[in-house]
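Peer 1: Before we start, here is the structure in question, set down as structure tokens.
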There are 2 protein chains.
Amino acid sequence: MLDFSIGVDLGGTNLRIAAISTDGKMLEKISLSAKLELGRDHVIDDMCAAIRQLSDKHRPGGAFLGVGVGIPGVLDIEAGILRKSANLPGWNDYPVRDEIERRLGARVFLNHDAKVAALGEQWLGAGRGVDNMAMVTLGTGIGGAMILNGKIYYGMNGMAGEFGHVTIEPEGVPCGCGNRGCAERYASATAVVRMAREAIAAGRAPALAKAAEADAQFGAHTVFELAMRGDEEARRIYRRFGQVLGILLAGLVNVLNIDVFVIGGGVASAWDAFAPVMFEELRERSIVYAATAPADPMGEGASVGPHTRRKTVITRALLGGDAGLYGAARLPVV
Amino acid sequence: MLDFSIGVDLGGTNLRIAAISTDGKMLEKISLSAKLELGRDHVIDDMCAAIRQLSDKHRPGGAFLGVGVGIPGVLDIEAGILRKSANLPGWNDYPVRDEIERRLGARVFLNHDAKVAALGEQWLGAGRGVDNMAMVTLGTGIGGAMILNGKIYYGMNGMAGEFGHVTIEPEGVPCGCGNRGCAERYASATAVVRMAREAIAAGRAPALAKAAEADAQFGAHTVFELAMRGDEEARRIYRRFGQVLGILLAGLVNVLNIDVFVIGGGVASAWDAFAPVMFEELRERSIVYAATAPADPMGEGASVGPHTRRKTVITRALLGGDAGLYGAARLPVV
């Protein structure tokens, strides 16, 4: 017998539902599109039909322990209510948990998408077995979440982990949040494209200009590919990215004295272009400092030494887009 | 009947011992000098004699619950061992806890001085009643400690809270830690004196030059007094101090989403000179942001609003030099 729970990842585009056993095997995954245009009740109906399908099918194999749902936006976790979400317009103050429980008669837990992704990486990924970890998600912006003393850390009202809006350059690039020089203005997909367009406009980036002209979808990945092919301007952009990410992480290492930083999100795939400079900054700027062997998530830093000499490990996420499903499925269990 | 415990604050200069009731009254305090030159056993003997004196005297009033000791340096808290301390040379790997327990037959708890000061402020001072707070101690450098989810947060090996070495100016002033632009190079007593001496050397600070000449003890407090009397260069120094402290705190607010930051330490007395600029930076740079009414530690930020609109409060410490005694006395109780 293998008991299982169901994890749900609800975003503005996709709705994914997975049955996951308590020992961390993904038994089955259903991927749907989130039909937001049909209204929130319709989306919840779709979700519940998939949950019922999976729970009915796998119940002969073990007990069904409940449902965890990861969702983007501002939540009231205790009340199970989505307060507001840029990705789910029209869902303001919607009691997501109760709506699902009413339909299913199962225990349901709601949590932030970034926090359940961190929980997933801590359970089965790059943060496996550590009590203190943070996940840094490099995408359009920089997302973040922390597991401290073995538990999701929320802070005062669930907003903990806004790593992207830590000031790195006091007089730097203006940010939509009202600040200047925020980390995510230099170390995100949006920032890579901005820096590339600035280099093109300044006339110092012929290869980038050509790529941008040829490709309507010109984005961070194209810049990464040019960097790996040796284009100097593309390399410079990712070095700047790595420098700012390194300064951010060095500060966090000194503040949090955490076991592992897990770097995930789409832009983490540009690791080879930004990580060398990131580690240079970490070595110089953190006093309780950091290293990693990329192939081995518990690499260099794990070769401990005396109690006070242990190093924070900085490493890539291992579960990719499924981290949130694993973490959500963990909610009814822990 | 009023049960009590004993808190000890052991530093490189002073040794203070206090009997404190479980409802937070200081029953009696003994202040000694730490006679380090006579050796560590002698210091521990002095400490134990004072503890015995206090516990004998106050035991008729209630049960004696144990001893807590705050100590600077690198500790193995679980083993009760001081690994090393710049303030206590020759104490390396000294089993402080067991030495005291052996002499007294009482339960003894060892912890970092900065962390017990935070615990004291959370119990009876500016962080009273909150689950998540950080204490920032402005002195020779910047010290720090956090209470998260109601408990002292240690991190991986007790090093959490090194706020002073967060990078604020990536290309800034070199720091002894190997980094450049660390917060404490701009927002500490040492930094104030450095900036004053630079201004004097540049010939742009006649009032500071006169004060430095007249006073062999020329320090941060003299600069503060000149700033409050309107001296432009002294004001500029504390504005820079406030700017850097504000940038540091804004980042920490975004990362930690904490209820209260408590600002203590000797240089916190220059609050009126640095706080206005600090709050300007906080307003501009933190997205989950911060305000305070200095007279009321739970001031502006406490006038809550909807769940997600609560603000982090930044306020001055209330217990002064006794915070560590109160916090240490709390160790055997919580």
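We name chains A, B, ... following the order of the structure tokens; residues begin at 1 in each chain, and ligands are numbered from 1 as shown.
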Onto chain B, please fit chain A by least squares using all C-alpha atoms in order, then return the transformed chain as a short mmCIF file (atom, residue, chain, number, x, y, z; two decimals) with C-alpha atoms, in the first residue's frame.

Peer 2:
data_model
loop_
_atom_site.label_atom_id
_atom_site.label_comp_id
_atom_site.auth_asym_id
_atom_site.auth_seq_id
_atom_site.Cartn_x
_atom_site.Cartn_y
_atom_site.Cartn_z
CA MET A 1 5.35 33.59 45.11
CA LEU A 2 7.28 34.91 42.13
CA ASP A 3 9.50 32.41 40.34
CA PHE A 4 12.74 33.82 38.94
CA SER A 5 15.76 33.03 36.84
CA ILE A 6 19.19 34.59 36.56
CA GLY A 7 20.54 36.32 33.47
CA VAL A 8 24.26 36.85 32.93
CA ASP A 9 25.88 39.24 30.46
CA LEU A 10 29.54 38.33 30.06
CA GLY A 11 31.63 40.69 27.91
CA GLY A 12 35.27 41.52 27.53
CA THR A 13 34.99 44.35 30.07
CA ASN A 14 31.91 43.83 32.20
CA LEU A 15 30.26 40.93 33.95
CA ARG A 16 26.68 41.59 34.98
CA ILE A 17 24.34 39.22 36.78
CA ALA A 18 20.63 39.84 37.43
CA ALA A 19 17.79 38.01 39.12
CA ILE A 20 14.65 38.51 37.05
CA SER A 21 11.17 37.29 37.87
CA THR A 22 9.16 35.30 35.34
CA ASP A 23 6.85 38.29 34.95
CA GLY A 24 9.79 40.44 33.88
CA LYS A 25 10.76 42.41 36.98
CA MET A 26 14.44 42.93 37.66
CA LEU A 27 14.73 41.86 41.32
CA GLU A 28 18.41 42.70 41.68
CA LYS A 29 21.44 43.34 39.52
CA ILE A 30 25.14 42.88 40.30
CA SER A 31 27.70 44.64 38.05
CA LEU A 32 31.30 43.47 38.19
CA SER A 33 34.32 43.96 36.00
CA ALA A 34 35.36 40.86 34.07
CA LYS A 35 38.83 40.05 35.44
CA LEU A 36 40.02 38.31 32.30
CA GLU A 37 43.66 38.71 33.31
CA LEU A 38 43.13 36.29 36.22
CA GLY A 39 42.00 33.53 33.85
CA ARG A 40 38.70 32.10 32.79
CA ASP A 41 38.21 29.91 35.85
CA HIS A 42 38.47 32.99 38.04
CA VAL A 43 35.86 34.82 35.96
CA ILE A 44 33.51 31.84 36.18
CA ASP A 45 34.08 31.67 39.96
CA ASP A 46 33.15 35.36 40.30
CA MET A 47 30.07 34.78 38.17
CA CYS A 48 28.97 31.77 40.20
CA ALA A 49 29.46 33.54 43.52
CA ALA A 50 27.18 36.33 42.33
CA ILE A 51 24.62 33.85 40.99
CA ARG A 52 24.64 32.00 44.32
CA GLN A 53 24.26 35.26 46.23
CA LEU A 54 21.24 36.29 44.16
CA SER A 55 19.60 32.88 44.08
CA ASP A 56 19.98 32.37 47.84
CA LYS A 57 18.56 35.79 48.56
CA HIS A 58 15.53 35.56 46.27
CA ARG A 59 14.69 31.88 46.65
CA PRO A 60 12.38 32.55 49.60
CA GLY A 61 10.25 34.58 47.17
CA GLY A 62 9.81 31.84 44.56
CA ALA A 63 11.39 28.95 42.69
CA PHE A 64 14.81 29.46 41.06
CA LEU A 65 14.43 28.22 37.48
CA GLY A 66 18.00 28.33 36.18
CA VAL A 67 20.66 30.51 34.58
CA GLY A 68 21.02 31.99 31.08
CA VAL A 69 24.34 33.40 29.89
CA GLY A 70 24.81 35.75 26.93
CA ILE A 71 28.33 35.73 25.55
CA PRO A 72 30.03 37.26 22.48
CA GLY A 73 31.72 35.00 19.93
CA VAL A 74 31.24 31.73 18.10
CA LEU A 75 29.34 29.23 20.21
CA ASP A 76 28.27 25.64 20.02
CA ILE A 77 24.96 26.31 21.69
CA GLU A 78 23.79 22.72 22.03
CA ALA A 79 27.06 21.64 23.62
CA GLY A 80 27.30 24.83 25.69
CA ILE A 81 30.83 25.50 24.48
CA LEU A 82 32.46 28.82 23.55
CA ARG A 83 34.41 28.06 20.38
CA LYS A 84 36.16 31.40 20.10
CA SER A 85 35.64 35.04 20.95
CA ALA A 86 37.62 38.14 20.09
CA ASN A 87 36.47 39.61 23.43
CA LEU A 88 37.50 36.60 25.52
CA PRO A 89 41.00 35.59 24.41
CA GLY A 90 42.13 32.24 25.81
CA TRP A 91 38.59 30.91 26.15
CA ASN A 92 38.66 28.89 22.90
CA ASP A 93 36.70 25.63 23.16
CA TYR A 94 35.90 26.30 26.81
CA PRO A 95 32.82 24.37 28.06
CA VAL A 96 31.28 27.42 29.75
CA ARG A 97 27.92 25.79 30.43
CA ASP A 98 29.30 22.66 32.09
CA GLU A 99 31.76 24.68 34.19
CA ILE A 100 28.90 26.77 35.60
CA GLU A 101 26.58 23.79 36.06
CA ARG A 102 29.28 21.87 37.89
CA ARG A 103 29.80 24.71 40.35
CA LEU A 104 26.11 25.51 40.89
CA GLY A 105 24.12 22.36 40.26
CA ALA A 106 21.60 24.52 38.38
CA ARG A 107 20.37 24.35 34.78
CA VAL A 108 22.44 26.68 32.57
CA PHE A 109 21.80 27.88 29.01
CA LEU A 110 24.39 29.58 26.84
CA ASN A 111 23.60 31.84 23.89
CA HIS A 112 25.02 34.69 21.76
CA ASP A 113 24.92 38.16 23.27
CA ALA A 114 23.18 39.66 20.22
CA LYS A 115 20.54 36.93 20.18
CA VAL A 116 19.67 37.22 23.86
CA ALA A 117 19.40 41.01 23.49
CA ALA A 118 16.83 40.43 20.73
CA LEU A 119 15.02 37.95 22.96
CA GLY A 120 14.95 40.55 25.74
CA GLU A 121 13.46 43.22 23.46
CA GLN A 122 10.89 40.72 22.22
CA TRP A 123 9.93 39.74 25.75
CA LEU A 124 9.73 43.16 27.40
CA GLY A 125 10.86 45.85 24.97
CA ALA A 126 10.15 47.21 21.53
CA GLY A 127 9.30 43.82 20.04
CA ARG A 128 6.90 42.81 22.77
CA GLY A 129 4.23 40.42 21.60
CA VAL A 130 5.39 39.96 18.00
CA ASP A 131 6.37 36.65 16.42
CA ASN A 132 8.85 38.00 13.88
CA MET A 133 11.38 40.66 14.75
CA ALA A 134 14.97 41.56 14.12
CA MET A 135 17.31 43.57 16.26
CA VAL A 136 19.93 45.76 14.63
CA THR A 137 22.68 46.89 16.98
CA LEU A 138 24.59 50.01 15.92
CA GLY A 139 27.97 50.14 17.64
CA THR A 140 31.55 49.75 16.48
CA GLY A 141 30.00 47.72 13.67
CA ILE A 142 26.45 46.53 13.03
CA GLY A 143 25.27 43.47 14.92
CA GLY A 144 22.05 41.63 14.39
CA ALA A 145 19.75 38.86 15.48
CA MET A 146 16.32 37.60 14.50
CA ILE A 147 13.35 36.10 16.27
CA LEU A 148 11.31 34.22 13.65
CA ASN A 149 8.08 32.39 14.36
CA GLY A 150 8.57 33.29 18.01
CA LYS A 151 12.00 31.68 18.37
CA ILE A 152 15.62 32.76 18.09
CA TYR A 153 16.67 32.06 14.49
CA TYR A 154 20.17 30.61 14.27
CA GLY A 155 20.59 29.55 10.67
CA MET A 156 22.87 26.71 9.74
CA ASN A 157 25.54 27.31 12.37
CA GLY A 158 24.45 30.23 14.51
CA MET A 159 25.83 32.92 12.18
CA ALA A 160 22.47 34.33 11.07
CA GLY A 161 22.04 38.09 11.42
CA GLU A 162 25.30 39.45 9.99
CA PHE A 163 23.48 42.54 8.78
CA GLY A 164 26.62 44.66 8.92
CA HIS A 165 28.22 42.84 6.02
CA VAL A 166 25.40 43.12 3.54
CA THR A 167 26.72 44.94 0.46
CA ILE A 168 25.10 48.35 0.03
CA GLU A 169 27.56 50.04 -2.32
CA PRO A 170 28.99 47.43 -4.75
CA GLU A 171 32.01 49.65 -5.49
CA GLY A 172 32.20 51.20 -2.04
CA VAL A 173 34.64 51.42 0.86
CA PRO A 174 36.74 48.27 1.50
CA CYS A 175 35.80 46.28 4.61
CA GLY A 176 37.92 44.08 6.86
CA CYS A 177 35.75 41.11 5.86
CA GLY A 178 37.20 41.18 2.34
CA ASN A 179 34.17 42.83 0.74
CA ARG A 180 33.58 46.42 -0.38
CA GLY A 181 30.66 48.68 0.51
CA CYS A 182 29.39 46.73 3.53
CA ALA A 183 26.60 48.46 5.48
CA GLU A 184 28.75 48.90 8.57
CA ARG A 185 31.33 50.90 6.63
CA TYR A 186 28.71 53.70 6.55
CA ALA A 187 26.36 53.11 9.48
CA SER A 188 28.38 52.53 12.64
CA ALA A 189 30.44 54.51 15.14
CA THR A 190 33.61 53.55 13.29
CA ALA A 191 32.13 54.76 10.01
CA VAL A 192 31.03 58.10 11.46
CA VAL A 193 34.56 58.75 12.71
CA ARG A 194 36.05 57.68 9.37
CA MET A 195 33.75 60.00 7.43
CA ALA A 196 34.48 62.84 9.85
CA ARG A 197 38.25 62.37 9.54
CA GLU A 198 37.94 62.29 5.75
CA ALA A 199 35.95 65.54 5.80
CA ILE A 200 38.54 67.12 8.10
CA ALA A 201 41.41 65.97 5.87
CA ALA A 202 39.62 67.42 2.84
CA GLY A 203 39.44 70.76 4.62
CA ARG A 204 35.66 71.05 4.37
CA ALA A 205 34.79 70.54 8.04
CA PRO A 206 36.18 73.34 10.26
CA ALA A 207 33.85 72.61 13.20
CA LEU A 208 34.68 68.90 13.13
CA ALA A 209 38.39 69.72 12.89
CA LYS A 210 38.16 71.94 15.97
CA ALA A 211 36.26 69.29 17.92
CA ALA A 212 38.73 66.57 16.95
CA GLU A 213 41.64 68.72 18.04
CA ALA A 214 40.09 69.54 21.40
CA ASP A 215 39.04 66.00 22.22
CA ALA A 216 41.28 62.95 22.30
CA GLN A 217 38.10 60.85 22.64
CA PHE A 218 36.61 62.38 19.48
CA GLY A 219 33.92 60.00 18.37
CA ALA A 220 30.50 59.44 16.82
CA HIS A 221 28.76 61.23 19.66
CA THR A 222 30.70 64.44 19.10
CA VAL A 223 29.74 64.36 15.43
CA PHE A 224 26.12 63.80 16.47
CA GLU A 225 26.17 66.80 18.77
CA LEU A 226 27.57 68.99 16.00
CA ALA A 227 24.91 67.67 13.62
CA MET A 228 22.18 68.59 16.07
CA ARG A 229 23.68 72.06 16.40
CA GLY A 230 23.34 72.42 12.63
CA ASP A 231 26.87 71.83 11.38
CA GLU A 232 26.43 71.00 7.70
CA GLU A 233 29.24 68.48 7.38
CA ALA A 234 28.22 66.58 10.53
CA ARG A 235 24.63 66.51 9.24
CA ARG A 236 25.82 65.18 5.90
CA ILE A 237 27.65 62.32 7.65
CA TYR A 238 24.54 61.23 9.54
CA ARG A 239 22.42 61.60 6.43
CA ARG A 240 24.75 59.16 4.68
CA PHE A 241 24.47 56.89 7.74
CA GLY A 242 20.67 57.04 7.55
CA GLN A 243 20.65 56.45 3.81
CA VAL A 244 22.72 53.28 4.04
CA LEU A 245 20.81 52.00 7.07
CA GLY A 246 17.55 52.67 5.21
CA ILE A 247 18.72 50.76 2.12
CA LEU A 248 19.79 47.86 4.34
CA LEU A 249 16.51 47.79 6.25
CA ALA A 250 14.39 48.14 3.09
CA GLY A 251 16.04 45.04 1.67
CA LEU A 252 15.52 43.16 4.92
CA VAL A 253 11.87 44.26 5.06
CA ASN A 254 11.32 42.83 1.57
CA VAL A 255 13.14 39.59 2.34
CA LEU A 256 11.87 38.92 5.85
CA ASN A 257 8.42 40.56 5.96
CA ILE A 258 8.98 41.00 9.64
CA ASP A 259 6.74 42.74 12.20
CA VAL A 260 9.31 44.93 13.90
CA PHE A 261 12.91 46.00 13.44
CA VAL A 262 14.36 47.15 16.75
CA ILE A 263 17.32 49.51 16.44
CA GLY A 264 19.64 49.41 19.44
CA GLY A 265 23.27 49.91 20.39
CA GLY A 266 25.16 53.02 21.44
CA VAL A 267 24.85 54.84 18.12
CA ALA A 268 21.05 54.49 18.12
CA SER A 269 21.21 57.54 20.39
CA ALA A 270 21.95 59.55 17.22
CA TRP A 271 18.44 58.59 16.00
CA ASP A 272 17.33 62.19 15.43
CA ALA A 273 20.25 62.74 13.06
CA PHE A 274 19.88 59.62 10.91
CA ALA A 275 16.27 58.44 11.21
CA PRO A 276 14.57 60.98 8.86
CA VAL A 277 16.71 59.92 5.87
CA MET A 278 16.43 56.26 6.91
CA PHE A 279 12.63 56.48 6.72
CA GLU A 280 12.79 58.26 3.34
CA GLU A 281 14.81 55.35 1.95
CA LEU A 282 12.46 52.81 3.52
CA ARG A 283 9.42 54.47 1.98
CA GLU A 284 11.02 54.50 -1.45
CA ARG A 285 12.71 51.12 -1.41
CA SER A 286 10.55 48.62 0.46
CA ILE A 287 7.45 47.15 -1.08
CA VAL A 288 6.09 45.73 2.17
CA TYR A 289 6.96 48.79 3.87
CA ALA A 290 7.82 50.52 7.00
CA ALA A 291 7.03 53.38 9.26
CA THR A 292 7.02 54.22 12.91
CA ALA A 293 6.08 56.74 15.48
CA PRO A 294 9.28 56.91 17.51
CA ALA A 295 7.51 57.63 20.78
CA ASP A 296 5.30 54.58 20.38
CA PRO A 297 7.09 51.39 19.39
CA MET A 298 3.93 49.88 17.98
CA GLY A 299 2.94 53.17 16.38
CA GLU A 300 1.90 53.81 12.82
CA GLY A 301 2.61 50.29 11.62
CA ALA A 302 0.33 48.81 14.22
CA SER A 303 -2.74 50.64 12.94
CA VAL A 304 -3.06 47.63 10.78
CA GLY A 305 -5.70 47.67 8.06
CA PRO A 306 -6.44 44.68 5.89
CA HIS A 307 -4.31 41.63 6.49
CA THR A 308 -2.04 42.26 3.52
CA ARG A 309 -1.54 45.95 4.19
CA ARG A 310 0.22 45.68 7.53
CA LYS A 311 3.50 47.48 7.67
CA THR A 312 6.78 46.59 9.23
CA VAL A 313 7.57 48.85 12.16
CA ILE A 314 11.07 50.29 12.58
CA THR A 315 11.66 51.54 16.08
CA ARG A 316 14.25 52.15 18.77
CA ALA A 317 15.17 49.58 21.41
CA LEU A 318 13.61 50.18 24.81
CA LEU A 319 15.73 48.20 27.25
CA GLY A 320 19.16 49.72 26.56
CA GLY A 321 22.07 47.76 27.97
CA ASP A 322 19.76 45.54 30.04
CA ALA A 323 18.19 43.82 27.01
CA GLY A 324 20.81 41.08 27.17
CA LEU A 325 20.20 40.45 30.87
CA TYR A 326 16.45 40.11 30.37
CA GLY A 327 16.91 37.89 27.33
CA ALA A 328 19.47 35.68 29.08
CA ALA A 329 17.14 35.25 32.04
CA ARG A 330 14.46 34.17 29.58
CA LEU A 331 16.53 31.25 28.28
CA PRO A 332 15.77 28.82 31.14
CA VAL A 333 12.08 29.75 31.02
CA VAL A 334 11.04 29.48 27.36
#

Peer 1: Going by DSSP on the backbone, which bits of range 34-251 of chain B are strand (DSSP E)? Write them as a PyMOL selection string, please.

Peer 2: chain B and resi 64-71+74-76+81-84+108-112+133-138+142-148+151-153

Peer 1: Any chance you can output those residues with N, CA and C atoms as a short mmCIF file (atom, residue, chain, number, x, y, z; two decimals), in the first residue's frame?

Peer 2:
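Here's the written file result-v1.cif:
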data_model
loop_
_atom_site.label_atom_id
_atom_site.label_comp_id
_atom_site.auth_asym_id
_atom_site.auth_seq_id
_atom_site.Cartn_x
_atom_site.Cartn_y
_atom_site.Cartn_z
N PHE B 64 13.70 29.06 41.91
CA PHE B 64 14.83 29.47 41.07
C PHE B 64 14.88 28.52 39.86
N LEU B 65 14.68 29.08 38.66
CA LEU B 65 14.44 28.23 37.49
C LEU B 65 15.69 27.94 36.67
N GLY B 66 16.79 28.62 36.96
CA GLY B 66 18.01 28.35 36.21
C GLY B 66 18.71 29.62 35.76
N VAL B 67 19.78 29.42 34.96
CA VAL B 67 20.67 30.51 34.58
C VAL B 67 20.77 30.58 33.05
N GLY B 68 20.73 31.79 32.52
CA GLY B 68 21.02 32.00 31.11
C GLY B 68 22.21 32.92 30.97
N VAL B 69 23.11 32.61 30.04
CA VAL B 69 24.33 33.40 29.88
C VAL B 69 24.45 33.87 28.44
N GLY B 70 24.54 35.17 28.25
CA GLY B 70 24.80 35.74 26.93
C GLY B 70 26.28 36.05 26.81
N ILE B 71 26.86 35.69 25.66
CA ILE B 71 28.32 35.73 25.53
C ILE B 71 28.66 36.08 24.08
N VAL B 74 31.76 32.89 18.82
CA VAL B 74 31.24 31.73 18.10
C VAL B 74 30.97 30.63 19.11
N LEU B 75 29.71 30.20 19.20
CA LEU B 75 29.33 29.22 20.21
C LEU B 75 28.85 27.92 19.58
N ASP B 76 29.02 26.85 20.31
CA ASP B 76 28.27 25.64 20.03
C ASP B 76 27.18 25.60 21.10
N ILE B 81 29.40 25.23 24.57
CA ILE B 81 30.84 25.51 24.48
C ILE B 81 31.09 26.82 23.73
N LEU B 82 31.99 27.65 24.28
CA LEU B 82 32.45 28.83 23.54
C LEU B 82 33.59 28.40 22.63
N ARG B 83 33.37 28.50 21.33
CA ARG B 83 34.41 28.07 20.39
C ARG B 83 35.52 29.10 20.31
N LYS B 84 35.15 30.34 20.05
CA LYS B 84 36.15 31.40 20.09
C LYS B 84 35.47 32.76 20.19
N VAL B 108 21.84 25.51 33.20
CA VAL B 108 22.46 26.68 32.59
C VAL B 108 22.27 26.62 31.07
N PHE B 109 21.96 27.78 30.47
CA PHE B 109 21.81 27.88 29.02
C PHE B 109 22.73 28.97 28.50
N LEU B 110 23.45 28.65 27.45
CA LEU B 110 24.39 29.58 26.85
C LEU B 110 23.80 30.08 25.53
N ASN B 111 24.03 31.36 25.20
CA ASN B 111 23.61 31.84 23.89
C ASN B 111 24.40 33.09 23.51
N HIS B 112 24.30 33.50 22.24
CA HIS B 112 25.00 34.68 21.76
C HIS B 112 24.46 35.94 22.41
N MET B 133 10.69 39.36 14.59
CA MET B 133 11.38 40.64 14.75
C MET B 133 12.86 40.45 14.52
N ALA B 134 13.52 41.56 14.22
CA ALA B 134 14.97 41.54 14.12
C ALA B 134 15.49 42.70 14.95
N MET B 135 16.66 42.49 15.54
CA MET B 135 17.31 43.56 16.26
C MET B 135 18.57 43.93 15.51
N VAL B 136 18.76 45.22 15.32
CA VAL B 136 19.93 45.75 14.62
C VAL B 136 20.68 46.59 15.64
N THR B 137 21.92 46.21 15.95
CA THR B 137 22.68 46.88 16.99
C THR B 137 23.77 47.74 16.36
N LEU B 138 23.65 49.05 16.53
CA LEU B 138 24.59 49.99 15.94
C LEU B 138 25.66 50.34 16.97
N ILE B 142 27.89 46.75 12.95
CA ILE B 142 26.45 46.51 13.03
C ILE B 142 26.24 45.05 13.41
N GLY B 143 25.60 44.82 14.55
CA GLY B 143 25.27 43.46 14.93
C GLY B 143 23.81 43.18 14.62
N GLY B 144 23.43 41.92 14.67
CA GLY B 144 22.04 41.62 14.39
C GLY B 144 21.62 40.27 14.90
N ALA B 145 20.33 40.12 15.07
CA ALA B 145 19.75 38.84 15.47
C ALA B 145 18.27 38.86 15.10
N MET B 146 17.72 37.68 14.90
CA MET B 146 16.31 37.59 14.50
C MET B 146 15.54 36.63 15.40
N ILE B 147 14.32 37.00 15.68
CA ILE B 147 13.35 36.09 16.27
C ILE B 147 12.33 35.80 15.17
N LEU B 148 12.24 34.56 14.72
CA LEU B 148 11.31 34.21 13.66
C LEU B 148 10.35 33.14 14.17
N LYS B 151 10.78 32.27 17.82
CA LYS B 151 12.00 31.67 18.37
C LYS B 151 13.25 32.33 17.83
N ILE B 152 14.33 32.29 18.60
CA ILE B 152 15.62 32.75 18.09
C ILE B 152 15.93 31.97 16.81
N TYR B 153 16.29 32.71 15.74
CA TYR B 153 16.67 32.04 14.49
C TYR B 153 18.19 31.99 14.40
#

Peer 1: DSSP on the backbone: which residues in range 203-269 of chain A end up as alpha helix (DSSP H)? Give the answer as JSON, numbers by chain.

Peer 2: {"A": [206, 207, 208, 209, 210, 211, 212, 213, 214, 220, 221, 222, 223, 224, 225, 226, 227, 228, 232, 233, 234, 235, 236, 237, 238, 239, 240, 241, 242, 243, 244, 245, 246, 247, 248, 249, 250, 251, 252, 253, 254, 255, 256]}
